[in-house]
>>> print(open('structure38.cif').read())   # mmCIF, C-alpha atoms
data_model
#
loop_
_atom_site.label_atom_id
_atom_site.label_comp_id
_atom_site.auth_asym_id
_atom_site.auth_seq_id
_atom_site.Cartn_x
_atom_site.Cartn_y
_atom_site.Cartn_z
CA MET A 1 0.77 -18.39 -17.70
CA LYS A 2 0.07 -18.59 -14.01
CA VAL A 3 -0.61 -15.80 -11.50
CA ALA A 4 0.33 -16.16 -7.83
CA VAL A 5 -2.14 -14.61 -5.41
CA ILE A 6 -0.10 -14.08 -2.27
CA GLN A 7 -1.86 -14.91 0.98
CA PHE A 8 -0.57 -13.12 4.06
CA PRO A 9 -2.05 -13.79 7.48
CA GLY A 10 -4.94 -11.35 7.43
CA SER A 11 -5.40 -11.09 3.66
CA ASN A 12 -9.12 -11.10 2.93
CA CYS A 13 -9.48 -10.27 -0.75
CA ASP A 14 -7.43 -13.27 -1.88
CA GLN A 15 -10.45 -15.34 -2.93
CA ASP A 16 -12.03 -12.40 -4.77
CA ALA A 17 -8.78 -11.83 -6.65
CA LEU A 18 -8.56 -15.50 -7.52
CA TRP A 19 -12.15 -15.40 -8.77
CA ALA A 20 -11.53 -12.33 -10.94
CA LEU A 21 -8.36 -13.79 -12.46
CA ARG A 22 -10.06 -17.10 -13.26
CA LEU A 23 -13.12 -15.29 -14.61
CA VAL A 24 -11.04 -13.93 -17.49
CA GLY A 25 -9.48 -17.33 -18.08
CA LEU A 26 -6.17 -16.86 -16.28
CA GLU A 27 -4.62 -19.68 -14.36
CA ALA A 28 -4.17 -18.54 -10.75
CA GLU A 29 -3.23 -20.10 -7.44
CA LEU A 30 -3.02 -18.99 -3.82
CA VAL A 31 0.53 -18.90 -2.45
CA TRP A 32 1.12 -18.72 1.30
CA HIS A 33 3.48 -15.94 2.36
CA THR A 34 6.13 -18.26 3.82
CA GLU A 35 6.83 -19.81 0.40
CA ARG A 36 10.35 -19.22 -0.80
CA SER A 37 9.77 -19.93 -4.47
CA LEU A 38 7.45 -18.57 -7.14
CA GLU A 39 8.85 -20.93 -9.73
CA GLY A 40 6.34 -21.43 -12.51
CA PHE A 41 4.50 -18.14 -11.93
CA GLN A 42 4.66 -15.29 -14.42
CA ALA A 43 2.83 -12.70 -12.33
CA ALA A 44 1.99 -11.95 -8.72
CA LEU A 45 -1.01 -10.28 -7.14
CA LEU A 46 -0.85 -8.97 -3.57
CA PRO A 47 -4.47 -8.82 -2.44
CA GLY A 48 -6.32 -6.53 -0.09
CA GLY A 49 -6.96 -7.18 3.56
CA PHE A 50 -5.15 -6.54 6.81
CA SER A 51 -1.86 -8.41 6.60
CA TYR A 52 -0.56 -8.98 10.14
CA GLY A 53 -3.64 -7.12 11.40
CA ASP A 54 -2.14 -3.85 10.08
CA TYR A 55 0.07 -3.98 13.19
CA LEU A 56 2.89 -1.43 13.28
CA ARG A 57 1.68 0.09 9.97
CA ALA A 58 -0.39 -1.30 7.13
CA GLY A 59 1.92 -3.56 5.13
CA ALA A 60 4.93 -2.95 7.37
CA LEU A 61 5.31 -6.51 8.64
CA ALA A 62 4.26 -8.29 5.44
CA LYS A 63 7.25 -6.85 3.63
CA PHE A 64 9.46 -9.19 5.67
CA SER A 65 7.57 -12.33 4.58
CA PRO A 66 9.84 -14.84 2.81
CA VAL A 67 7.77 -14.76 -0.38
CA MET A 68 8.50 -11.05 -0.83
CA GLN A 69 12.02 -11.81 -2.03
CA GLU A 70 10.50 -13.82 -4.84
CA VAL A 71 7.95 -11.11 -5.60
CA ARG A 72 10.88 -8.70 -5.84
CA ARG A 73 12.65 -11.08 -8.22
CA LEU A 74 9.57 -11.37 -10.46
CA ALA A 75 9.34 -7.58 -10.50
CA GLN A 76 13.01 -7.20 -11.39
CA ARG A 77 12.62 -9.65 -14.24
CA GLY A 78 9.84 -7.50 -15.68
CA TYR A 79 6.88 -9.73 -14.86
CA PRO A 80 3.62 -8.04 -13.84
CA VAL A 81 3.22 -7.49 -10.10
CA VAL A 82 0.09 -5.83 -8.80
CA GLY A 83 -0.84 -4.80 -5.29
CA ILE A 84 -4.44 -3.95 -4.51
CA CYS A 85 -5.31 -1.95 -1.38
CA ASN A 86 -3.28 -3.63 1.38
CA GLY A 87 -1.17 -5.11 -1.43
CA PHE A 88 -0.35 -1.55 -2.57
CA GLN A 89 0.61 -0.70 1.02
CA VAL A 90 2.91 -3.75 1.09
CA LEU A 91 4.55 -2.74 -2.21
CA THR A 92 5.32 0.78 -0.93
CA GLU A 93 6.59 -0.57 2.41
CA ALA A 94 8.81 -3.01 0.50
CA GLY A 95 10.17 -0.16 -1.61
CA LEU A 96 8.88 -1.66 -4.86
CA LEU A 97 6.84 1.51 -5.34
CA PRO A 98 7.65 5.00 -4.06
CA GLY A 99 5.71 6.93 -1.43
CA ALA A 100 3.46 5.71 1.35
CA LEU A 101 -0.21 5.31 2.22
CA LEU A 102 -1.19 7.29 5.30
CA ALA A 103 -4.36 7.50 7.39
CA ASN A 104 -7.28 9.00 5.46
CA THR A 105 -7.54 12.71 6.21
CA ASN A 106 -10.99 12.27 7.75
CA LEU A 107 -9.81 9.28 9.86
CA HIS A 108 -12.72 7.19 8.62
CA PHE A 109 -12.44 3.70 7.22
CA THR A 110 -14.12 4.51 3.92
CA CYS A 111 -16.03 1.82 2.09
CA LYS A 112 -17.81 3.11 -1.01
CA GLU A 113 -17.74 3.38 -4.79
CA VAL A 114 -15.43 5.99 -6.24
CA PHE A 115 -14.73 7.26 -9.74
CA LEU A 116 -11.32 6.73 -11.29
CA ARG A 117 -9.80 8.24 -14.39
CA VAL A 118 -7.50 5.93 -16.33
CA GLU A 119 -4.36 7.93 -17.08
CA ARG A 120 -2.41 5.26 -18.98
CA THR A 121 -3.55 2.48 -21.26
CA ASP A 122 -0.16 1.16 -22.34
CA LEU A 123 0.34 -1.07 -19.30
CA PRO A 124 -0.24 -4.79 -18.78
CA PHE A 125 -3.05 -3.83 -16.39
CA THR A 126 -4.83 -1.15 -18.43
CA ARG A 127 -4.56 -1.88 -22.12
CA ALA A 128 -8.24 -2.90 -22.34
CA TYR A 129 -9.33 0.57 -21.16
CA THR A 130 -9.55 3.72 -23.25
CA PRO A 131 -7.46 6.79 -22.33
CA GLY A 132 -9.31 9.05 -19.90
CA GLN A 133 -12.02 6.46 -19.30
CA VAL A 134 -13.84 6.97 -16.00
CA LEU A 135 -14.42 3.82 -13.93
CA ARG A 136 -16.74 3.13 -11.04
CA ILE A 137 -14.82 0.92 -8.58
CA PRO A 138 -15.18 0.42 -4.82
CA ILE A 139 -12.64 1.40 -2.18
CA ALA A 140 -12.43 0.03 1.37
CA HIS A 141 -9.56 1.42 3.40
CA GLY A 142 -8.53 3.48 6.39
CA GLU A 143 -5.01 4.26 5.19
CA GLY A 144 -5.22 5.25 1.55
CA ARG A 145 -3.90 8.80 1.48
CA TYR A 146 -1.07 8.62 -1.01
CA TYR A 147 1.89 10.62 0.17
CA ALA A 148 5.32 11.25 -1.30
CA ASP A 149 7.71 14.17 -0.89
CA ALA A 150 7.47 16.99 -3.43
CA GLU A 151 10.43 15.77 -5.45
CA THR A 152 9.10 12.19 -5.74
CA LEU A 153 5.66 13.49 -6.64
CA GLU A 154 7.07 15.62 -9.41
CA ARG A 155 9.08 12.71 -10.75
CA LEU A 156 5.96 10.49 -10.73
CA GLU A 157 4.05 13.08 -12.74
CA GLN A 158 6.89 13.72 -15.17
CA ASN A 159 7.35 10.00 -15.84
CA HIS A 160 3.58 9.49 -16.17
CA GLN A 161 3.61 6.96 -13.34
CA VAL A 162 0.16 7.93 -12.08
CA VAL A 163 -2.18 5.35 -13.61
CA PHE A 164 -5.46 5.95 -11.77
CA ARG A 165 -6.72 9.22 -10.29
CA TYR A 166 -9.82 9.87 -8.19
CA THR A 167 -12.20 11.99 -10.21
CA SER A 168 -15.83 13.03 -10.44
CA PRO A 169 -18.50 11.17 -12.40
CA GLN A 170 -18.63 12.67 -15.88
CA GLU A 171 -22.05 14.24 -15.35
CA ALA A 172 -21.09 15.95 -12.07
CA PRO A 173 -21.42 19.75 -12.12
CA SER A 174 -18.38 20.16 -9.85
CA LYS A 175 -15.07 18.35 -9.99
CA GLU A 176 -14.40 19.00 -6.31
CA GLY A 177 -15.00 16.65 -3.41
CA TYR A 178 -14.29 13.32 -5.09
CA ASN A 179 -10.96 12.52 -3.48
CA PRO A 180 -12.03 10.13 -0.72
CA ASN A 181 -8.90 10.10 1.43
CA GLY A 182 -6.81 13.22 0.86
CA SER A 183 -4.36 11.55 -1.54
CA LEU A 184 -1.87 13.99 -3.03
CA ASN A 185 -2.65 14.83 -6.69
CA ASP A 186 -5.79 12.64 -6.36
CA ILE A 187 -3.55 9.58 -6.77
CA ALA A 188 -5.36 6.23 -6.58
CA GLY A 189 -2.75 4.06 -8.31
CA ILE A 190 0.83 4.30 -9.54
CA VAL A 191 3.26 2.18 -11.51
CA ASN A 192 7.05 1.80 -11.36
CA PRO A 193 9.17 3.38 -14.13
CA ALA A 194 9.42 0.05 -15.99
CA GLY A 195 5.62 -0.22 -16.04
CA ASN A 196 5.34 -3.74 -14.60
CA VAL A 197 4.72 -3.07 -10.89
CA LEU A 198 1.40 -1.40 -10.14
CA GLY A 199 -0.31 -0.51 -6.89
CA LEU A 200 -3.80 0.87 -6.42
CA MET A 201 -6.09 1.42 -3.45
CA PRO A 202 -9.44 0.73 -5.21
CA HIS A 203 -10.60 -2.86 -5.70
CA PRO A 204 -11.05 -3.84 -9.37
CA GLU A 205 -11.63 -7.45 -8.25
CA ARG A 206 -14.81 -6.32 -6.50
CA ALA A 207 -16.18 -4.91 -9.74
CA VAL A 208 -15.98 -7.73 -12.26
CA GLU A 209 -19.64 -8.64 -12.71
CA SER A 210 -22.70 -6.42 -13.08
CA VAL A 211 -24.34 -8.26 -10.18
CA LEU A 212 -21.64 -6.70 -7.97
CA GLY A 213 -22.77 -3.23 -9.01
CA SER A 214 -20.08 -2.61 -11.60
CA ALA A 215 -18.02 -4.58 -14.08
CA ASP A 216 -15.54 -1.72 -14.63
CA GLY A 217 -12.78 -3.77 -13.03
CA LEU A 218 -13.06 -6.60 -15.54
CA PRO A 219 -10.89 -4.96 -18.24
CA PHE A 220 -8.13 -4.69 -15.60
CA PHE A 221 -7.93 -8.49 -15.47
CA ARG A 222 -8.53 -8.87 -19.21
CA SER A 223 -5.56 -6.58 -19.79
CA LEU A 224 -3.41 -8.77 -17.59
CA LYS A 225 -4.54 -11.85 -19.48
CA GLN A 226 -3.65 -10.24 -22.80
CA ALA A 227 -0.27 -9.16 -21.46
CA LEU A 228 0.54 -12.59 -20.09
CA GLU A 229 -0.32 -14.30 -23.36
CA VAL A 230 2.50 -12.34 -24.96
CA VAL A 231 5.05 -13.25 -22.26
CA VAL A 232 6.73 -16.57 -22.97
CA MET B 233 24.30 -8.80 28.95
CA LYS B 234 20.65 -8.05 28.69
CA TYR B 235 19.40 -4.58 27.86
CA HIS B 236 16.00 -2.94 27.93
CA ILE B 237 15.44 -0.85 24.82
CA THR B 238 12.93 1.92 24.27
CA LEU B 239 12.41 2.90 20.66
CA LEU B 240 10.27 5.84 19.54
CA ILE B 241 8.80 6.06 16.05
CA GLU B 242 7.22 9.37 15.12
CA LEU B 243 5.76 10.99 12.02
CA LYS B 244 8.15 13.46 10.39
CA ASP B 245 7.48 17.14 10.90
CA GLY B 246 5.19 18.47 8.23
CA ILE B 247 3.34 15.20 7.67
CA LEU B 248 -0.33 15.67 8.40
CA ASP B 249 -1.28 13.60 11.45
CA PRO B 250 -5.09 13.26 11.55
CA GLN B 251 -4.82 11.09 14.68
CA GLY B 252 -2.90 13.86 16.45
CA ARG B 253 -5.52 16.37 15.32
CA ALA B 254 -8.34 14.26 16.69
CA VAL B 255 -6.54 13.93 20.05
CA GLU B 256 -5.81 17.66 20.03
CA GLY B 257 -9.48 18.47 19.45
CA VAL B 258 -10.50 16.31 22.40
CA LEU B 259 -7.83 17.78 24.68
CA GLN B 260 -8.89 21.30 23.74
CA GLY B 261 -12.48 20.31 24.43
CA LEU B 262 -11.32 19.35 27.93
CA GLN B 263 -9.92 22.90 28.24
CA TYR B 264 -6.26 21.88 28.07
CA PRO B 265 -4.27 24.68 26.39
CA VAL B 266 -2.48 22.37 23.91
CA GLU B 267 -1.57 22.60 20.24
CA ASN B 268 0.45 20.61 17.68
CA VAL B 269 -0.41 17.23 19.20
CA ARG B 270 1.35 14.38 17.38
CA VAL B 271 0.82 10.66 17.94
CA GLY B 272 3.75 8.27 17.67
CA ARG B 273 4.67 4.79 18.80
CA VAL B 274 6.78 3.39 21.61
CA LEU B 275 8.38 -0.01 21.21
CA GLU B 276 9.97 -1.69 24.19
CA MET B 277 12.09 -4.80 24.03
CA GLU B 278 14.74 -6.78 25.81
CA LEU B 279 17.89 -7.44 23.89
CA GLU B 280 20.94 -9.62 24.42
CA ALA B 281 24.21 -7.84 23.55
CA PRO B 282 27.86 -7.93 24.67
CA SER B 283 27.95 -4.21 25.50
CA GLU B 284 25.76 -1.15 25.77
CA ALA B 285 27.25 0.29 22.59
CA GLU B 286 26.38 -2.87 20.66
CA ALA B 287 22.89 -2.96 22.17
CA ARG B 288 22.41 0.62 20.98
CA ALA B 289 23.71 -0.24 17.50
CA THR B 290 21.34 -3.22 17.23
CA ALA B 291 18.45 -1.08 18.47
CA HIS B 292 19.32 1.43 15.77
CA ASN B 293 19.15 -1.29 13.11
CA ILE B 294 15.81 -2.45 14.47
CA GLY B 295 14.51 1.12 14.31
CA LYS B 296 15.64 1.30 10.71
CA ALA B 297 13.89 -1.96 9.83
CA LEU B 298 10.62 -1.04 11.54
CA SER B 299 10.22 2.62 10.58
CA ASN B 300 9.27 3.93 7.16
CA PRO B 301 11.68 6.69 6.10
CA VAL B 302 9.08 8.13 3.72
CA MET B 303 7.08 9.55 6.61
CA GLU B 304 8.67 8.55 9.90
CA VAL B 305 11.74 9.14 12.04
CA PHE B 306 12.88 6.98 14.91
CA VAL B 307 14.90 7.55 18.06
CA VAL B 308 16.56 5.00 20.32
CA GLU B 309 15.19 6.66 23.43
CA ALA B 310 16.80 4.55 26.14
CA VAL B 311 19.18 1.61 26.57
CA LYS B 312 19.23 0.28 30.12
CA GLU B 313 21.25 -2.63 31.40
CA LEU B 314 19.10 -5.21 33.14
CA ALA B 315 20.31 -6.74 36.37
#
>>> encode(input="structure38.cif", output="structure tokens")
Amino acid sequence: MKVAVIQFPGSNCDQDALWALRLVGLEAELVWHTERSLEGFQAALLPGGFSYGDYLRAGALAKFSPVMQEVRRLAQRGYPVVGICNGFQVLTEAGLLPGALLANTNLHFTCKEVFLRVERTDLPFTRAYTPGQVLRIPIAHGEGRYYADAETLERLEQNHQVVFRYTSPQEAPSKEGYNPNGSLNDIAGIVNPAGNVLGLMPHPERAVESVLGSADGLPFFRSLKQALEVVV
Amino acid sequence: MKYHITLLIELKDGILDPQGRAVEGVLQGLQYPVENVRVGRVLEMELEAPSEAEARATAHNIGKALSNPVMEVFVVEAVKELA
């Protein structure tokens, strides 16, 4: 079971993703974005960074990379595809996930730890979490405000496609003020209806060892490992 | 024939534009009586096409490829034949 970590020009979380995947015992390799085949891979991870320098719009040019056709094919065949941060932006631009990521309401590039509530634990990325679990995971983005029209948003909620939501730490007296970017419905991560394509703005790969400040992202990769062991 | 194309990409009405708001705040600070400032993009390019109509059609396809219909609209603003 091998995971492809797609490297676009300007990706900068590719090595961290590779590290996290290998940490849980997954086989993973970097794949340059001009590759036309993902033969032999059973999952793809689109890492964070600034593909094409975020020119035009974050993720807008990366969607035309040759490898994206293969990522699409993996997704259609039901294999896990995950986009983290810029990878999430690429997945929405490519139409593999609905909606878009717009400039943070406060216009700041925000780099800090946030709290996430896990809304679904039946997915290949979340089965090692418990329902409603609150995670401490870092974000680092300027365009992370999830936006979709009212109809799409309602459909997402009805189909339970929201997987991670910004929330407060459990001990906080107020639940307000913990959405770091103005995302609609506090959305931090969503999945496609089939449950195999996931995008999220926070960085689980930056929270896989306690020395990094949090290991709450580790179960994300453990879940993927478990899921891939079942796929033949 | 060679044509010069001007393509505008703008945020849809109703989509919050924090960049526009920041610019608006600065302009108001300079005492300009402005409101509803929106920031978009202008793309210019030169294009080879057999006729103006075909140049316009190609420009339209380019606008479609480069804009995101979730939050943007595009306009082929100008198609000018180059000498």
>>> resolve_selection(input="structure38.cif", expression="the PyMOL selection byres ((chain A) within 8 of (chain B))", output="PyMOL selection string")
chain A and resi 56+60+93+99-100+103-107+148-149
>>> residues_around(input="structure38.cif", residues="Pro131 (chain A)", least_positions_apart="3", cutoff="10 Å", atoms="all atoms listed in the file", output="MDAnalysis selection string")
chainID A and resid 117:122 126:128 134
>>> residues_near_point(input="structure38.cif", point="(-1.6, -21.1, -13.4)", cutoff="7 Å", atoms="only C-alpha atoms", output="PyMOL selection string")
chain A and resi 1-3+26-29+41
>>> resolve_selection(input="structure38.cif", expression="the PyMOL selection byres ((chain A and resi 53) around 12)", output="ChimeraX atom specification")
/A:8-12,48-52,54-62,86
>>> atom_distance(input="structure38.cif", atom1="CA of Val208 (chain A)", atom2="CA of Pro124 (chain A)")
17.3 Å
>>> resolve_selection(input="structure38.cif", expression="the PyMOL selection byres ((chain A and resi 204) around 9)", output="number ranges by chain")
A: 17, 20, 84, 137-138, 202-203, 205-208, 215-221
>>> atom_distance(input="structure38.cif", atom1="CA of Leu279 (chain B)", atom2="CA of Glu309 (chain B)")
14.4 Å
>>> closest_residue(input="structure38.cif", among="A:Ala188, A:Ala150, A:Val230, A:Ala4", to="Cys85 (chain A)", atoms="only C-alpha atoms")
A:Ala188
>>> atom_distance(input="structure38.cif", atom1="CA of Ser183 (chain A)", atom2="CA of Gly87 (chain A)")
17.0 Å
>>> residues_near_point(input="structure38.cif", point="(-5.7, 16.5, -5.9)", cutoff="12 Å", atoms="only C-alpha atoms", output="PyMOL selection string")
chain A and resi 145-147+153+165-168+175-188
>>> write_last_selection(input="structure38.cif", atoms="C-alpha atoms", output="short mmCIF file (atom, residue, chain, number, x, y, z; two decimals), keeping the file's coordinate frame")
data_model
loop_
_atom_site.label_atom_id
_atom_site.label_comp_id
_atom_site.auth_asym_id
_atom_site.auth_seq_id
_atom_site.Cartn_x
_atom_site.Cartn_y
_atom_site.Cartn_z
CA ARG A 145 -3.90 8.80 1.48
CA TYR A 146 -1.07 8.62 -1.01
CA TYR A 147 1.89 10.62 0.17
CA LEU A 153 5.66 13.49 -6.64
CA ARG A 165 -6.72 9.22 -10.29
CA TYR A 166 -9.82 9.87 -8.19
CA THR A 167 -12.20 11.99 -10.21
CA SER A 168 -15.83 13.03 -10.44
CA LYS A 175 -15.07 18.35 -9.99
CA GLU A 176 -14.40 19.00 -6.31
CA GLY A 177 -15.00 16.65 -3.41
CA TYR A 178 -14.29 13.32 -5.09
CA ASN A 179 -10.96 12.52 -3.48
CA PRO A 180 -12.03 10.13 -0.72
CA ASN A 181 -8.90 10.10 1.43
CA GLY A 182 -6.81 13.22 0.86
CA SER A 183 -4.36 11.55 -1.54
CA LEU A 184 -1.87 13.99 -3.03
CA ASN A 185 -2.65 14.83 -6.69
CA ASP A 186 -5.79 12.64 -6.36
CA ILE A 187 -3.55 9.58 -6.77
CA ALA A 188 -5.36 6.23 -6.58
#
>>> closest_residue(input="structure38.cif", among="B:Leu243, B:Val305, B:Leu314, B:His236", to="Gly272 (chain B)", atoms="only C-alpha atoms")
B:Leu243
>>> build_atoms(input="structure38.cif", residues="region 51-63 of chain A", atoms="N, CA and C atoms", output="PDB file, in the frame of the given file")
ATOM      1  N   SER A  51      -2.973  -7.508   6.323  1.00  0.00           N
ATOM      2  CA  SER A  51      -1.860  -8.410   6.600  1.00  0.00           C
ATOM      3  C   SER A  51      -1.281  -8.094   7.978  1.00  0.00           C
ATOM      4  N   TYR A  52      -1.060  -9.123   8.763  1.00  0.00           N
ATOM      5  CA  TYR A  52      -0.560  -8.980  10.140  1.00  0.00           C
ATOM      6  C   TYR A  52      -1.426  -7.999  10.941  1.00  0.00           C
ATOM      7  N   GLY A  53      -2.736  -7.980  10.631  1.00  0.00           N
ATOM      8  CA  GLY A  53      -3.640  -7.120  11.400  1.00  0.00           C
ATOM      9  C   GLY A  53      -3.329  -5.642  11.269  1.00  0.00           C
ATOM     10  N   ASP A  54      -2.564  -5.258  10.233  1.00  0.00           N
ATOM     11  CA  ASP A  54      -2.140  -3.850  10.080  1.00  0.00           C
ATOM     12  C   ASP A  54      -1.264  -3.413  11.255  1.00  0.00           C
ATOM     13  N   TYR A  55      -0.753  -4.347  12.033  1.00  0.00           N
ATOM     14  CA  TYR A  55       0.070  -3.980  13.190  1.00  0.00           C
ATOM     15  C   TYR A  55       1.306  -3.221  12.717  1.00  0.00           C
ATOM     16  N   LEU A  56       1.779  -2.335  13.564  1.00  0.00           N
ATOM     17  CA  LEU A  56       2.890  -1.430  13.280  1.00  0.00           C
ATOM     18  C   LEU A  56       2.466  -0.374  12.272  1.00  0.00           C
ATOM     19  N   ARG A  57       2.250  -0.752  11.023  1.00  0.00           N
ATOM     20  CA  ARG A  57       1.680   0.090   9.970  1.00  0.00           C
ATOM     21  C   ARG A  57       1.131  -0.880   8.934  1.00  0.00           C
ATOM     22  N   ALA A  58       0.149  -0.413   8.162  1.00  0.00           N
ATOM     23  CA  ALA A  58      -0.390  -1.300   7.130  1.00  0.00           C
ATOM     24  C   ALA A  58       0.723  -1.734   6.175  1.00  0.00           C
ATOM     25  N   GLY A  59       0.928  -3.038   6.067  1.00  0.00           N
ATOM     26  CA  GLY A  59       1.920  -3.560   5.130  1.00  0.00           C
ATOM     27  C   GLY A  59       3.341  -3.643   5.669  1.00  0.00           C
ATOM     28  N   ALA A  60       3.558  -3.071   6.867  1.00  0.00           N
ATOM     29  CA  ALA A  60       4.930  -2.950   7.370  1.00  0.00           C
ATOM     30  C   ALA A  60       5.557  -4.285   7.750  1.00  0.00           C
ATOM     31  N   LEU A  61       4.746  -5.219   8.225  1.00  0.00           N
ATOM     32  CA  LEU A  61       5.310  -6.510   8.640  1.00  0.00           C
ATOM     33  C   LEU A  61       5.322  -7.495   7.472  1.00  0.00           C
ATOM     34  N   ALA A  62       4.349  -7.368   6.586  1.00  0.00           N
ATOM     35  CA  ALA A  62       4.260  -8.290   5.440  1.00  0.00           C
ATOM     36  C   ALA A  62       5.487  -8.174   4.540  1.00  0.00           C
ATOM     37  N   LYS A  63       6.105  -7.008   4.539  1.00  0.00           N
ATOM     38  CA  LYS A  63       7.250  -6.850   3.630  1.00  0.00           C
ATOM     39  C   LYS A  63       8.403  -7.788   4.007  1.00  0.00           C
TER      40      LYS A  63
END
